[in-house]
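Okay, work19.txt is below, compact mmCIF, C-alpha atoms and all ligand atoms:
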```txt
# COMPACT_ATOMS: atom_id res chain seq x y z
CA MET A 1 -16.45 -36.97 12.00
CA SER A 2 -12.89 -37.70 13.08
CA ARG A 3 -11.04 -35.13 15.09
CA PRO A 4 -8.39 -34.03 12.50
CA ARG A 5 -11.13 -33.54 9.97
CA LEU A 6 -13.14 -31.47 12.42
CA ILE A 7 -10.13 -29.23 13.00
CA ALA A 8 -9.59 -28.86 9.26
CA VAL A 9 -13.20 -27.84 8.82
CA ALA A 10 -12.91 -25.34 11.65
CA ILE A 11 -9.82 -23.79 10.11
CA PHE A 12 -11.42 -23.66 6.70
CA SER A 13 -14.53 -22.01 8.15
CA SER A 14 -12.54 -19.29 9.88
CA ILE A 15 -10.63 -18.59 6.68
CA ALA A 16 -13.92 -18.39 4.79
CA VAL A 17 -15.36 -16.01 7.37
CA PHE A 18 -12.24 -13.86 7.24
CA SER A 19 -12.31 -13.76 3.41
CA LEU A 20 -15.96 -12.85 3.53
CA SER A 21 -15.27 -10.01 5.97
CA VAL A 22 -12.52 -8.74 3.71
CA ALA A 23 -14.84 -8.95 0.72
CA VAL A 24 -17.50 -7.00 2.59
CA ALA A 25 -15.00 -4.33 3.52
CA ASP A 26 -13.82 -4.21 -0.08
CA ALA A 27 -17.30 -3.75 -1.39
CA GLN A 28 -17.52 -0.62 0.70
CA GLN A 29 -14.45 0.81 -0.99
CA ALA A 30 -14.76 2.75 -4.19
CA ASP A 31 -11.33 1.41 -5.07
CA ASP A 32 -12.62 -2.14 -5.23
CA MET A 33 -9.74 -3.67 -3.36
CA SER A 34 -11.08 -7.13 -4.15
CA LYS A 35 -9.33 -6.70 -7.48
CA MET A 36 -6.04 -6.20 -5.70
CA PRO A 37 -5.30 -9.65 -4.32
CA GLY A 38 -1.67 -8.78 -3.78
CA MET A 39 -2.62 -6.03 -1.36
CA LYS A 40 -5.20 -7.96 0.53
CA MET A 41 -4.24 -11.09 2.31
CA GLN A 42 -0.49 -10.84 2.71
CA MET A 43 0.10 -10.30 6.38
CA SER A 44 3.86 -10.68 6.26
CA THR A 45 6.22 -7.74 6.22
CA ALA A 46 7.07 -6.99 2.64
CA LYS A 47 10.62 -6.65 1.46
CA ALA A 48 11.50 -4.04 -1.13
CA PRO A 49 12.47 -5.57 -4.45
CA VAL A 50 15.94 -5.40 -5.97
CA GLY A 51 16.40 -2.19 -7.95
CA ALA A 52 13.91 -0.29 -5.78
CA ALA A 53 14.01 3.50 -6.00
CA ALA A 54 15.95 5.52 -3.45
CA ALA A 55 16.74 9.19 -2.89
CA LYS A 56 17.98 11.62 -0.28
CA LEU A 57 16.14 14.84 0.50
CA GLY A 58 17.55 16.94 3.32
CA ASP A 59 17.25 14.85 6.48
CA LEU A 60 15.07 12.29 4.75
CA ASP A 61 16.29 9.03 3.27
CA LEU A 62 13.91 7.34 0.91
CA SER A 63 14.52 3.72 -0.04
CA GLY A 64 12.80 0.61 -1.28
CA GLY A 65 10.40 2.46 -3.56
CA TYR A 66 8.31 0.39 -5.97
CA VAL A 67 4.83 -0.11 -7.38
CA LYS A 68 3.08 -3.38 -8.11
CA ALA A 69 2.08 -4.42 -11.60
CA MET A 70 -1.67 -4.06 -12.14
CA LEU A 71 -3.78 -7.06 -13.03
CA PRO A 72 -6.18 -6.85 -15.98
CA GLY A 73 -9.26 -4.91 -14.95
CA GLN A 74 -7.66 -3.65 -11.76
CA PRO A 75 -8.68 0.00 -11.44
CA VAL A 76 -6.03 1.24 -9.03
CA GLY A 77 -2.35 0.64 -8.33
CA GLY A 78 -0.43 0.39 -5.07
CA GLY A 79 2.96 2.02 -4.40
CA TYR A 80 5.39 1.65 -1.52
CA VAL A 81 8.49 3.35 -0.11
CA THR A 82 10.39 3.55 3.16
CA ILE A 83 11.16 6.98 4.61
CA HIS A 84 13.73 7.55 7.33
CA ASN A 85 13.92 10.92 9.03
CA GLY A 86 17.51 11.30 10.28
CA GLY A 87 16.98 14.89 11.40
CA SER A 88 15.70 16.48 14.60
CA ASN A 89 12.54 17.98 13.11
CA ASP A 90 9.31 16.10 12.51
CA ASP A 91 8.20 16.08 8.91
CA ARG A 92 5.17 14.87 7.02
CA LEU A 93 4.53 13.38 3.60
CA VAL A 94 1.71 15.62 2.44
CA SER A 95 1.14 14.67 -1.18
CA VAL A 96 2.19 12.47 -4.09
CA LYS A 97 1.82 13.15 -7.78
CA SER A 98 2.52 11.05 -10.83
CA GLY A 99 2.45 11.73 -14.55
CA ASP A 100 1.08 8.19 -14.98
CA ALA A 101 -2.02 8.67 -12.81
CA GLY A 102 -4.81 11.22 -12.56
CA LYS A 103 -4.25 11.34 -8.84
CA VAL A 104 -2.32 9.61 -6.10
CA GLU A 105 -3.77 9.31 -2.62
CA LEU A 106 -2.15 8.31 0.65
CA HIS A 107 -3.99 5.40 2.23
CA GLU A 108 -3.90 3.21 5.27
CA MET A 109 -5.14 -0.37 5.59
CA LYS A 110 -6.01 -1.53 9.05
CA MET A 111 -7.71 -4.46 10.71
CA GLU A 112 -10.81 -3.34 12.57
CA GLY A 113 -11.89 -6.42 14.47
CA ASP A 114 -11.59 -9.02 11.72
CA ILE A 115 -12.34 -6.64 8.89
CA MET A 116 -9.58 -5.07 6.81
CA LYS A 117 -10.45 -1.47 6.13
CA MET A 118 -8.82 1.14 3.98
CA ARG A 119 -9.07 4.87 4.37
CA GLU A 120 -7.53 7.93 2.80
CA LEU A 121 -5.15 9.92 4.98
CA LYS A 122 -6.02 13.47 3.96
CA GLU A 123 -3.66 14.84 6.58
CA GLY A 124 -0.78 12.93 5.00
CA ILE A 125 1.67 10.61 6.74
CA ALA A 126 3.76 11.82 9.67
CA VAL A 127 7.49 11.11 9.58
CA PRO A 128 8.67 12.04 13.09
CA ALA A 129 12.29 12.97 13.83
CA GLY A 130 14.40 9.83 14.04
CA ALA A 131 11.60 7.58 12.82
CA THR A 132 11.43 5.18 9.91
CA VAL A 133 8.03 4.95 8.26
CA SER A 134 7.37 2.12 5.83
CA LEU A 135 4.69 2.24 3.19
CA SER A 136 4.14 -1.43 2.44
CA PRO A 137 1.35 -3.82 1.40
CA ASN A 138 -1.45 -4.05 3.99
CA THR A 139 -0.46 -0.89 5.83
CA LEU A 140 0.31 2.59 4.57
CA HIS A 141 0.48 2.95 0.81
CA MET A 142 0.26 5.24 -2.17
CA MET A 143 -2.88 4.58 -4.17
CA PHE A 144 -2.70 5.46 -7.85
CA LYS A 145 -6.07 6.35 -9.32
CA GLN A 146 -7.16 7.16 -12.86
CA VAL A 147 -4.13 5.25 -14.11
CA LYS A 148 -3.57 5.96 -17.80
CA THR A 149 -1.83 2.71 -18.77
CA PRO A 150 -1.89 -0.21 -16.30
CA PHE A 151 1.47 -0.58 -14.58
CA LYS A 152 3.47 -3.35 -16.23
CA GLN A 153 6.29 -5.30 -14.68
CA GLY A 154 9.65 -3.93 -15.84
CA ALA A 155 8.41 -0.37 -16.42
CA THR A 156 8.94 2.55 -14.06
CA VAL A 157 6.39 4.99 -12.69
CA PRO A 158 7.54 8.56 -11.99
CA VAL A 159 6.35 10.11 -8.75
CA THR A 160 6.92 13.37 -6.91
CA LEU A 161 6.66 13.12 -3.15
CA THR A 162 6.12 16.41 -1.33
CA PHE A 163 7.02 16.80 2.34
CA GLU A 164 5.90 19.61 4.60
CA LYS A 165 9.44 20.68 5.55
CA ALA A 166 11.91 18.88 3.30
CA GLY A 167 10.12 19.84 0.07
CA ALA A 168 9.68 17.68 -3.01
CA VAL A 169 11.63 14.77 -4.42
CA GLU A 170 11.21 12.76 -7.60
CA LEU A 171 11.51 9.00 -7.75
CA ALA A 172 11.21 6.53 -10.62
CA LEU A 173 9.45 3.56 -9.01
CA PRO A 174 10.14 0.20 -10.67
CA VAL A 175 7.08 -1.93 -11.37
CA THR A 176 7.35 -5.37 -9.81
CA SER A 177 5.28 -8.52 -10.14
CA ALA A 178 1.65 -8.19 -9.05
CA LYS A 179 2.07 -11.23 -6.84
CA GLY A 180 3.97 -11.51 -3.61
CA ASN A 181 6.81 -9.53 -2.20
CU CU B 201 -5.55 2.19 -1.01
```
Using the file provided, produce a representation of the structure as structure tokens.
Amino acid sequence: MSRPRLIAVAIFSSIAVFSLSVAVADAQQADDMSKMPGMKMQMSTAKAPVGAAAAKLGDLDLSGGYVKAMLPGQPVGGGYVTIHNGGSNDDRLVSVKSGDAGKVELHEMKMEGDIMKMRELKEGIAVPAGATVSLSPNTLHMMFKQVKTPFKQGATVPVTLTFEKAGAVELALPVTSAKGN
């Protein structure tokens, strides 16, 4: 076998192993993340789409809010927003609700070795004083469960985000393409 070909095979094998690891991790998730290709393999930093939802709540600035369109058969939806705490008190996103979903959980995706794992953050997401926390694909996210009608590109999904100190704020998250960011 010639050298370039050997290298190509090696690269392909490592991709296959990585995909397999991801698939194994997915299988362990009740959410079945394997049906969420958009949330899985994109390692780049996502940019918020044009027309993303924004709001101000006390010291908190929320921007870049959106959800991804759901693919046929996809059981859960992913939502994202950036939160900047311009104040001098730490705060915490404690819960999210939506009229379009039975429940919304706060999740984190993380590489553990070469396996991507997702877990629920029952304690919420800390937003320390002066910090900017981004919920974006492959990291922190809102996970919409028991979705009544699959999110469709062009629609909006209403959410209420509740913070420990700042209180609650409503956002209408635009639904963007299921692919890419
Ligand atoms: Cu999730």
Can you pull out every residue within 6 Å of stretch 86-101 of chain A, counting only C-alpha atoms, but drop anything in the same chain fewer than 4 positions away, and send it as a VMD selection string? chain A and resid 59 124 to 130 144 to 148 158 to 165
Using all atoms listed in the file, can you tell me which of A:Gly65, A:Pro49, A:Gly167, A:Pro137 comes closest to ligand CU 201 (chain B)?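 Counting all atoms listed in the file, the residue closest to ligand CU 201 (chain B) is A:Pro137.
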Mind listing the residues within 7 Å of ligand CU 201 (chain B), all atoms listed in the file counted, as a VMD selection string? chain A and resid 78 107 to 108 118 to 119 141 to 143
Would you mind telling me which residue in A:Ile115, A:Ala168, A:Ala69, A:Val76 lies nearest to A:Gly154 when using all atoms listed in the file?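 Ranked by minimum distance to A:Gly154, first place goes to A:Ala69.
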For each of A:Asn85, A:Asn138, A:Thr156, A:Thr176, take the minimum atom-to-atom distance to A:Leu62, counting only C-alpha atoms, then give the residue where this is smallest.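 Closest to A:Leu62, using only C-alpha atoms: A:Asn85.
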Counting all atoms listed in the file, note down every residue that has an atom within 8 Å of the point (11.0, 4.1, -7.4) (file coordinates), as JSON, numbers by chain. {"A": [52, 53, 54, 64, 65, 66, 67, 81, 156, 157, 158, 159, 171, 172, 173, 174]}
Could you check how far atom CA of A:Pro75 sits from atom CA of A:Met116, in Å to one decimal?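 Between these atoms lies a distance of 19.0 Å.
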Can you rebuild stretch 135-161 of chain A with N, CA and C atoms and give it as a short mmCIF file (atom, residue, chain, number, x, y, z; two decimals), in the coordinates of the input?
```
data_model
loop_
_atom_site.label_atom_id
_atom_site.label_comp_id
_atom_site.auth_asym_id
_atom_site.auth_seq_id
_atom_site.Cartn_x
_atom_site.Cartn_y
_atom_site.Cartn_z
N LEU A 135 5.91 2.46 3.95
CA LEU A 135 4.69 2.24 3.19
C LEU A 135 4.86 0.86 2.58
N SER A 136 4.00 -0.07 2.94
CA SER A 136 4.14 -1.43 2.44
C SER A 136 2.77 -2.09 2.36
N PRO A 137 2.67 -3.19 1.58
CA PRO A 137 1.35 -3.82 1.40
C PRO A 137 0.68 -4.10 2.75
N ASN A 138 -0.60 -3.83 2.80
CA ASN A 138 -1.45 -4.05 3.99
C ASN A 138 -1.33 -2.99 5.07
N THR A 139 -0.51 -1.96 4.84
CA THR A 139 -0.46 -0.89 5.83
C THR A 139 -0.64 0.44 5.08
N LEU A 140 0.33 1.31 5.28
CA LEU A 140 0.31 2.59 4.57
C LEU A 140 0.71 2.35 3.12
N HIS A 141 0.09 3.08 2.21
CA HIS A 141 0.48 2.95 0.81
C HIS A 141 0.08 4.16 -0.02
N MET A 142 0.69 4.27 -1.18
CA MET A 142 0.26 5.24 -2.17
C MET A 142 -0.75 4.53 -3.06
N MET A 143 -1.87 5.19 -3.32
CA MET A 143 -2.88 4.58 -4.17
C MET A 143 -3.00 5.41 -5.44
N PHE A 144 -2.66 4.78 -6.55
CA PHE A 144 -2.70 5.46 -7.85
C PHE A 144 -4.08 5.28 -8.45
N LYS A 145 -4.72 6.40 -8.74
CA LYS A 145 -6.07 6.35 -9.32
C LYS A 145 -6.05 6.98 -10.71
N GLN A 146 -7.07 6.66 -11.48
CA GLN A 146 -7.16 7.16 -12.86
C GLN A 146 -5.84 6.89 -13.59
N VAL A 147 -5.38 5.64 -13.48
CA VAL A 147 -4.13 5.25 -14.11
C VAL A 147 -4.32 5.19 -15.62
N LYS A 148 -3.41 5.84 -16.35
CA LYS A 148 -3.57 5.96 -17.80
C LYS A 148 -3.32 4.62 -18.49
N THR A 149 -2.16 4.03 -18.22
CA THR A 149 -1.83 2.71 -18.77
C THR A 149 -1.48 1.81 -17.59
N PRO A 150 -2.16 0.66 -17.45
CA PRO A 150 -1.89 -0.21 -16.30
C PRO A 150 -0.39 -0.46 -16.12
N PHE A 151 0.06 -0.38 -14.88
CA PHE A 151 1.47 -0.58 -14.58
C PHE A 151 1.88 -1.99 -14.98
N LYS A 152 2.98 -2.07 -15.74
CA LYS A 152 3.47 -3.35 -16.23
C LYS A 152 4.83 -3.64 -15.66
N GLN A 153 5.01 -4.89 -15.25
CA GLN A 153 6.29 -5.30 -14.68
C GLN A 153 7.43 -4.91 -15.61
N GLY A 154 8.49 -4.33 -15.05
CA GLY A 154 9.65 -3.93 -15.84
C GLY A 154 9.66 -2.45 -16.18
N ALA A 155 8.49 -1.80 -16.14
CA ALA A 155 8.41 -0.37 -16.42
C ALA A 155 8.75 0.41 -15.15
N THR A 156 8.80 1.73 -15.26
CA THR A 156 8.94 2.55 -14.06
C THR A 156 7.83 3.60 -14.05
N VAL A 157 7.44 3.99 -12.87
CA VAL A 157 6.39 4.99 -12.69
C VAL A 157 7.00 6.21 -11.97
N PRO A 158 6.96 7.38 -12.63
CA PRO A 158 7.54 8.56 -11.99
C PRO A 158 6.60 9.12 -10.93
N VAL A 159 7.16 9.48 -9.79
CA VAL A 159 6.35 10.11 -8.75
C VAL A 159 7.11 11.30 -8.16
N THR A 160 6.36 12.26 -7.68
CA THR A 160 6.92 13.37 -6.91
C THR A 160 6.29 13.32 -5.53
N LEU A 161 7.13 13.13 -4.53
CA LEU A 161 6.66 13.12 -3.15
C LEU A 161 6.94 14.49 -2.54
#
```
